[in-house]
2 protein chains.
Amino acid sequence: MPNLSSILERVDDNLEDAVARLFELVRIKSISTDPAHAGDCVAAAEWLVADLREIGFDARVVPTTGHPMVLAHHAGPSGSHGSVVPHVLFYGHYDVQPVDPLNLWECPPFEPRVVTTPDGTKHLTGRGTSDDKGQLMTFVEACRAIKAETGGLPIAVTILFEGEEESGSQSLGPFLEEYAGELKADLALVCDTGMWDRSTPAISTALRGLVGEEVIVTAASRDLHSGMYGSAAANPIHLLARILGELHDEDGVVALPGFYDGVPEVPAEILEMWKGLGFSESQFLGEVGLSVPAGEKSRTVLEQVWSRPTAEINGIWGGYDGEGFKTVIPAKAGAKVSFRLVGEQNPDLIRESFREFVRARLPADCKAEFHNHGGSPAITLDVTLPELKKATAALKDEWGKDTALIAMGGSIPIVGNFQARLGMNSLLIGFAHMDDNIHSPNEKYDLASFHKGIRSWARIIEALSS
Amino acid sequence: MPNLSSILERVDDNLEDAVARLFELVRIKSISTDPAHAGDCVAAAEWLVADLREIGFDARVVPTTGHPMVLAHHAGPSGSHGSVVPHVLFYGHYDVQPVDPLNLWECPPFEPRVVTTPDGTKHLTGRGTSDDKGQLMTFVEACRAIKAETGGLPIAVTILFEGEEESGSQSLGPFLEEYAGELKADLALVCDTGMWDRSTPAISTALRGLVGEEVIVTAASRDLHSGMYGSAAANPIHLLARILGELHDEDGVVALPGFYDGVPEVPAEILEMWKGLGFSESQFLGEVGLSVPAGEKSRTVLEQVWSRPTAEINGIWGGYDGEGFKTVIPAKAGAKVSFRLVGEQNPDLIRESFREFVRARLPADCKAEFHNHGGSPAITLDVTLPELKKATAALKDEWGKDTALIAMGGSIPIVGNFQARLGMNSLLIGFAHMDDNIHSPNEKYDLASFHKGIRSWARIIEALSS
């Protein structure tokens, strides 16, 4: 790797330009879940295509029935296509979460800026700086530096940026089928993950699955006045509250029949390794203002977030929620519910079990309507891959510390799709932090994550080519 | 009553003008619970003052810390102030309920119109046509006709129109204290009530009380990602759902400690009379698309809505309720809850019992915040009043049927205030129907209610003067 040090120097020298490029992308309001921002999603995809073309990628926007994909290719060293040098598929997503409640943002979500905190740490603030625009640009910027310094890339790279990761990835399955030939590579690289702590890099080797489900309960044919109909007429908020209140038993165990089918116990030696990470429950909860662990009483917090399935209500609505008061019995009330899955839990069976659970608890004259917001099973990655060892070593070179192999509470359905549909293993490497406020107001990405993230990818790309 | 028939003829001849005046008032968007409509509330008050002055009332807008009052006086026959002719205080409210969900309105809520239904019935549609602008204008139009025909009013009339009836009546108590001298009359007339059915007039003699309460549960210090914190961190929607789900037991009985203290059993003879009204549970529920009575399993529907206390959730919110999906654990979730009271139930004790009920069910690291949205005890009116007999006879003359003495599920706190603060009895006479959709989309008032309501008040005013 004769050029590595000059590549890394180039990364250092051009950091300001890289931040400026990321900020251009962050300014595009690509909120995929809100149809009002469909045009912004297209704009973000087009911005990425233009930028990738500048580095010499053969890049294009591929329309779907939802938001478009960005698909780009760069050959390896000239004369050595495909079979000799490794070929990686890098995946990220350009769509972002909604920004409400807007009034809690200290800086406007789509006006990114560099903020220096009291302890001297520099952050990049704005929606998507961490999830996932900042993370995906670490890879793009690494390619840019390598290209500028050496005139090419040492491996063949295909890039796929999705625009529906935050809204159920409805187009992804059909797209992977249709473009399987173009997407198939030796290995997928997925950047949507975090570090263990501020100084310890991590590769995630276990991911929970996800079932997203919406339920709308309808009682009367119209809103009613509670003085006229109160008590005698079914109130869908009551029904929903009671049903959702029964989702967990007194010990925090999910009460859906069959929910724990296929949930494995974490092997004792892994639990032992996790203990060695020095995870502090009180610190983890304390950072968000809590002190009492919720959930399953018989499990530690780390076990819960890394290895246990969960049921969460992510949203609820019904009746009057404005200023003041309105004595209404609404006709409808609804909730968004998600389940995190582990092991062999079956997303379809769990969705059906939830629906049955709701239906069985409704009076005969009330109805429940359900909407499927996507589902994916849990994933466990192969920790014996030679590429994993190379990446681990490259990360150690950058950060000066051993890479932690960790589990992840979140879900990245693409990894399962790559495995199932394209027969590809994935390496999950990212530089986000727990306190990045992804999915919350005041999302940020450490400038160090962005800077050393770019350097890390430059090292990993070089390492994979050897 | 030599002029009564010519007064009634005048009412008939001028109906179109009366509808036009009501529509002017309905067009003013006086939604009291929404601060954005404060100016509209003032406009509605000013419109009423101008109209009352046209009939010769000494009328004015009286500011409060909330929305203003309309206060107006008209002397009885000249030379006979106060002591000889009866003096009535007529009460109504010019504020209206919010109009959401707007998309369910067939005609825009503030563009009133006359609609003929397939069965030939004519309705006046629009927010407030029934509750309470249409009802209060029946009295104003009766005064107008009497004045035009006879040059005066046969009794002394004071009018009070409130602007906060739909939002807790916060200014009413202080106002009644300060203006007690101006408001005190022999009897109050309150128009915010309904008929028994389309052909049977009614006077309401029992009213439930009301406690309005808002609860906001806070868990973490910020919104969390459910993949990172799910299960281990408290979810305020779960907490709220579970607590509200426990508000009633399996038999529909409200579970708050002490809730039923002071709740009387309805005397057997009254229950017998109610049976004679021919109330049909299946029709009552069927009209709103329901068939299974909810609430207390040991009580009939009519008992429940007329004589039993209730607990209802009128609104709930928390997390993401927009399009698509967001895997968030919100920091807060809230609900609006109301209790209908009967007998001697104490609003303050019930509010406190609810707050304790919530607090006792929260983990140590979560907080509940409460907002008081008003409270009033239940009222039972004196059915032996001579004025009640006169009004009953006048109503029979208009409708050709005996007047039903009924209980009311709703709450009209003003009646308790008149009793407690001004020592005044009230007669509750109104012409609304169950299907008027008050507090719902597509509010309407039968043209017959408006027309015969005006005629009824003309008859009652004449009857009270004799």
# chains A, B, ... in the order shown; residues from 1 in each chain; ligands from 1
>>> select_by_dssp(residues="range 250-452 of chain A", states="helix (DSSP H, G or I)", output="ChimeraX atom specification")
/A:268-276,281-286,301-307,347-359,386-399,413-422,434-436,447-452
>>> write_last_selection(atoms="C-alpha atoms", output="PDB file, in the first residue's frame")
ATOM      1  CA  ALA A 268     -22.779 -18.154  28.051  1.00  0.00           C
ATOM      2  CA  GLU A 269     -19.394 -17.282  26.523  1.00  0.00           C
ATOM      3  CA  ILE A 270     -20.891 -14.422  24.528  1.00  0.00           C
ATOM      4  CA  LEU A 271     -22.671 -13.093  27.611  1.00  0.00           C
ATOM      5  CA  GLU A 272     -19.280 -13.290  29.319  1.00  0.00           C
ATOM      6  CA  MET A 273     -17.645 -11.291  26.506  1.00  0.00           C
ATOM      7  CA  TRP A 274     -20.386  -8.666  26.726  1.00  0.00           C
ATOM      8  CA  LYS A 275     -19.720  -8.346  30.445  1.00  0.00           C
ATOM      9  CA  GLY A 276     -16.120  -7.564  29.572  1.00  0.00           C
ATOM     10  CA  GLU A 281     -26.755   0.291  32.791  1.00  0.00           C
ATOM     11  CA  SER A 282     -26.993   3.408  34.913  1.00  0.00           C
ATOM     12  CA  GLN A 283     -24.894   5.397  32.474  1.00  0.00           C
ATOM     13  CA  PHE A 284     -26.810   4.108  29.443  1.00  0.00           C
ATOM     14  CA  LEU A 285     -30.145   5.039  30.986  1.00  0.00           C
ATOM     15  CA  GLY A 286     -28.812   8.107  32.783  1.00  0.00           C
ATOM     16  CA  VAL A 301     -30.308  -3.951  29.762  1.00  0.00           C
ATOM     17  CA  LEU A 302     -27.529  -5.001  27.348  1.00  0.00           C
ATOM     18  CA  GLU A 303     -29.127  -8.413  26.840  1.00  0.00           C
ATOM     19  CA  GLN A 304     -32.420  -6.677  26.110  1.00  0.00           C
ATOM     20  CA  VAL A 305     -31.128  -4.222  23.526  1.00  0.00           C
ATOM     21  CA  TRP A 306     -28.776  -6.676  21.818  1.00  0.00           C
ATOM     22  CA  SER A 307     -30.395 -10.055  22.020  1.00  0.00           C
ATOM     23  CA  PRO A 347     -42.035 -11.781  11.045  1.00  0.00           C
ATOM     24  CA  ASP A 348     -45.209 -12.993   9.316  1.00  0.00           C
ATOM     25  CA  LEU A 349     -46.325 -15.146  12.245  1.00  0.00           C
ATOM     26  CA  ILE A 350     -45.673 -12.335  14.703  1.00  0.00           C
ATOM     27  CA  ARG A 351     -47.654  -9.863  12.608  1.00  0.00           C
ATOM     28  CA  GLU A 352     -50.547 -12.317  12.455  1.00  0.00           C
ATOM     29  CA  SER A 353     -50.327 -13.041  16.182  1.00  0.00           C
ATOM     30  CA  PHE A 354     -50.577  -9.304  16.901  1.00  0.00           C
ATOM     31  CA  ARG A 355     -53.582  -8.925  14.632  1.00  0.00           C
ATOM     32  CA  GLU A 356     -55.319 -11.847  16.305  1.00  0.00           C
ATOM     33  CA  PHE A 357     -54.445 -10.417  19.717  1.00  0.00           C
ATOM     34  CA  VAL A 358     -56.191  -7.163  18.797  1.00  0.00           C
ATOM     35  CA  ARG A 359     -59.201  -8.734  17.088  1.00  0.00           C
ATOM     36  CA  PRO A 386     -11.255 -13.257   5.952  1.00  0.00           C
ATOM     37  CA  GLU A 387     -12.512  -9.804   4.945  1.00  0.00           C
ATOM     38  CA  LEU A 388     -13.679  -9.276   8.517  1.00  0.00           C
ATOM     39  CA  LYS A 389     -10.120  -9.878   9.730  1.00  0.00           C
ATOM     40  CA  LYS A 390      -8.711  -7.423   7.151  1.00  0.00           C
ATOM     41  CA  ALA A 391     -11.242  -4.760   8.090  1.00  0.00           C
ATOM     42  CA  THR A 392     -10.576  -5.330  11.780  1.00  0.00           C
ATOM     43  CA  ALA A 393      -6.877  -4.784  11.264  1.00  0.00           C
ATOM     44  CA  ALA A 394      -7.443  -1.669   9.147  1.00  0.00           C
ATOM     45  CA  LEU A 395      -9.714  -0.193  11.821  1.00  0.00           C
ATOM     46  CA  LYS A 396      -7.115  -0.915  14.479  1.00  0.00           C
ATOM     47  CA  ASP A 397      -4.513   0.925  12.412  1.00  0.00           C
ATOM     48  CA  GLU A 398      -6.754   3.982  12.320  1.00  0.00           C
ATOM     49  CA  TRP A 399      -8.103   4.005  15.874  1.00  0.00           C
ATOM     50  CA  PRO A 413     -33.269  -5.266   6.574  1.00  0.00           C
ATOM     51  CA  ILE A 414     -30.902  -4.852   3.614  1.00  0.00           C
ATOM     52  CA  VAL A 415     -28.412  -7.221   5.230  1.00  0.00           C
ATOM     53  CA  GLY A 416     -30.938 -10.037   5.267  1.00  0.00           C
ATOM     54  CA  ASN A 417     -31.893  -9.212   1.714  1.00  0.00           C
ATOM     55  CA  PHE A 418     -28.278  -9.374   0.541  1.00  0.00           C
ATOM     56  CA  GLN A 419     -27.901 -12.727   2.242  1.00  0.00           C
ATOM     57  CA  ALA A 420     -31.179 -14.223   1.053  1.00  0.00           C
ATOM     58  CA  ARG A 421     -31.502 -12.753  -2.428  1.00  0.00           C
ATOM     59  CA  LEU A 422     -27.903 -12.260  -3.567  1.00  0.00           C
ATOM     60  CA  MET A 434     -25.280   6.464  20.769  1.00  0.00           C
ATOM     61  CA  ASP A 435     -25.753  10.186  21.428  1.00  0.00           C
ATOM     62  CA  ASP A 436     -26.090  11.128  17.743  1.00  0.00           C
ATOM     63  CA  LEU A 447     -16.579  15.633  13.072  1.00  0.00           C
ATOM     64  CA  ALA A 448     -14.098  12.961  14.263  1.00  0.00           C
ATOM     65  CA  SER A 449     -16.497  10.215  13.099  1.00  0.00           C
ATOM     66  CA  PHE A 450     -16.685  11.833   9.702  1.00  0.00           C
ATOM     67  CA  HIS A 451     -12.954  12.518   9.410  1.00  0.00           C
ATOM     68  CA  LYS A 452     -11.608   9.269  10.826  1.00  0.00           C
TER      69      LYS A 452
END
>>> residues_around(residues="Leu187 in chain B", least_positions_apart="2", cutoff="7 Å", atoms="only C-alpha atoms", output="list of chain:residue names")
B:His87, B:Val88, B:Leu89, B:Ala185, B:Leu189, B:Met424, B:Asn425, B:Ser426
>>> write_last_selection(atoms="N, CA and C atoms", output="PDB file, in the first residue's frame")
ATOM      1  N   HIS B  87     -88.769  38.690  35.954  1.00  0.00           N
ATOM      2  CA  HIS B  87     -87.503  39.052  35.320  1.00  0.00           C
ATOM      3  C   HIS B  87     -86.736  37.751  35.063  1.00  0.00           C
ATOM      4  N   VAL B  88     -86.430  37.490  33.798  1.00  0.00           N
ATOM      5  CA  VAL B  88     -85.698  36.248  33.496  1.00  0.00           C
ATOM      6  C   VAL B  88     -84.301  36.576  32.986  1.00  0.00           C
ATOM      7  N   LEU B  89     -83.403  35.665  33.264  1.00  0.00           N
ATOM      8  CA  LEU B  89     -82.041  35.745  32.709  1.00  0.00           C
ATOM      9  C   LEU B  89     -81.925  34.633  31.680  1.00  0.00           C
ATOM     10  N   ALA B 185     -81.929  37.430  38.626  1.00  0.00           N
ATOM     11  CA  ALA B 185     -83.297  37.553  38.120  1.00  0.00           C
ATOM     12  C   ALA B 185     -84.157  36.551  38.876  1.00  0.00           C
ATOM     13  N   LEU B 189     -83.247  31.024  32.173  1.00  0.00           N
ATOM     14  CA  LEU B 189     -83.672  30.174  31.058  1.00  0.00           C
ATOM     15  C   LEU B 189     -82.412  29.748  30.309  1.00  0.00           C
ATOM     16  N   MET B 424     -80.487  31.170  41.924  1.00  0.00           N
ATOM     17  CA  MET B 424     -81.530  31.189  40.900  1.00  0.00           C
ATOM     18  C   MET B 424     -81.829  29.785  40.395  1.00  0.00           C
ATOM     19  N   ASN B 425     -83.099  29.481  40.228  1.00  0.00           N
ATOM     20  CA  ASN B 425     -83.460  28.249  39.539  1.00  0.00           C
ATOM     21  C   ASN B 425     -83.338  28.452  38.030  1.00  0.00           C
ATOM     22  N   SER B 426     -83.209  27.340  37.325  1.00  0.00           N
ATOM     23  CA  SER B 426     -83.110  27.400  35.862  1.00  0.00           C
ATOM     24  C   SER B 426     -84.171  26.524  35.229  1.00  0.00           C
TER      25      SER B 426
END
>>> select_by_dssp(residues="range 45-223 of chain B", states="strand (DSSP E or B)", output="PyMOL selection string")
chain B and resi 58-62+69-74+87-93+96+113-116+122-125+156-162+187-190+194+197+200+202-207+209-218
>>> closest_atom_pairs(of="range 109-173 of chain A", to="range 45-50 of chain A", cutoff="9 Å", atoms="only C-alpha atoms", output="JSON lines")
{"residue": "A:Phe161", "atom": "CA", "partner": "A:Ala45", "partner_atom": "CA", "distance": 7.9}
{"residue": "A:Glu162", "atom": "CA", "partner": "A:Ala45", "partner_atom": "CA", "distance": 8.5}
{"residue": "A:Gly163", "atom": "CA", "partner": "A:Ala45", "partner_atom": "CA", "distance": 7.7}
>>> residues_around(residues="Ile429 in chain A", least_positions_apart="6", cutoff="8 Å", atoms="only C-alpha atoms", output="list in words")
Leu189, Val190, Cys191, Asp192, Thr193, Gly194, Ala202, Ile203 and Ser204 of chain A
>>> residues_around(residues="Gly322 in chain A", least_positions_apart="3", cutoff="9 Å", atoms="only C-alpha atoms", output="PyMOL selection string")
(chain A and resi 325-326) or (chain B and resi 33-34+315)
>>> residues_around(residues="range 111-128 of chain A", least_positions_apart="6", cutoff="7 Å", atoms="only C-alpha atoms", output="PyMOL selection string")
chain A and resi 23+26-27+96+134+442-447
>>> atom_distance(atom1="CA of Gly66 in chain A", atom2="CA of Tyr179 in chain A")
16.0 Å
>>> decode(residues="range 380-424 of chain B", atoms="C-alpha atoms", output="short mmCIF file (atom, residue, chain, number, x, y, z; two decimals), in the first residue's frame")
data_model
loop_
_atom_site.label_atom_id
_atom_site.label_comp_id
_atom_site.auth_asym_id
_atom_site.auth_seq_id
_atom_site.Cartn_x
_atom_site.Cartn_y
_atom_site.Cartn_z
CA THR B 380 -80.90 18.28 40.00
CA LEU B 381 -83.57 20.88 39.27
CA ASP B 382 -86.74 21.63 41.22
CA VAL B 383 -89.62 20.09 39.28
CA THR B 384 -92.31 21.88 41.35
CA LEU B 385 -91.60 25.40 40.07
CA PRO B 386 -94.73 27.23 38.87
CA GLU B 387 -92.71 28.55 35.91
CA LEU B 388 -92.02 24.96 34.88
CA LYS B 389 -95.77 24.32 34.67
CA LYS B 390 -96.29 27.47 32.58
CA ALA B 391 -93.49 26.54 30.21
CA THR B 392 -94.78 23.00 29.96
CA ALA B 393 -98.21 24.24 28.93
CA ALA B 394 -96.76 26.71 26.42
CA LEU B 395 -94.68 23.96 24.85
CA LYS B 396 -97.73 21.70 24.63
CA ASP B 397 -99.62 24.48 22.81
CA GLU B 398 -96.85 24.66 20.24
CA TRP B 399 -96.07 20.97 19.77
CA GLY B 400 -99.43 19.40 20.58
CA LYS B 401 -97.81 16.87 22.92
CA ASP B 402 -97.00 16.70 26.62
CA THR B 403 -93.55 17.91 27.52
CA ALA B 404 -91.15 15.14 28.66
CA LEU B 405 -89.23 15.84 31.85
CA ILE B 406 -85.89 14.20 31.16
CA ALA B 407 -82.41 13.81 32.54
CA MET B 408 -79.41 14.90 30.51
CA GLY B 409 -76.15 13.12 29.97
CA GLY B 410 -74.26 16.29 29.21
CA SER B 411 -73.08 18.94 31.62
CA ILE B 412 -74.12 22.59 31.71
CA PRO B 413 -71.98 24.04 34.48
CA ILE B 414 -73.75 27.41 34.27
CA VAL B 415 -76.85 25.88 35.87
CA GLY B 416 -74.91 24.94 38.99
CA ASN B 417 -73.34 28.36 39.02
CA PHE B 418 -76.72 30.10 38.81
CA GLN B 419 -77.93 27.97 41.68
CA ALA B 420 -74.85 28.29 43.88
CA ARG B 421 -73.76 31.86 43.18
CA LEU B 422 -76.99 33.67 42.35
CA GLY B 423 -79.58 31.52 44.16
CA MET B 424 -81.53 31.19 40.90
#
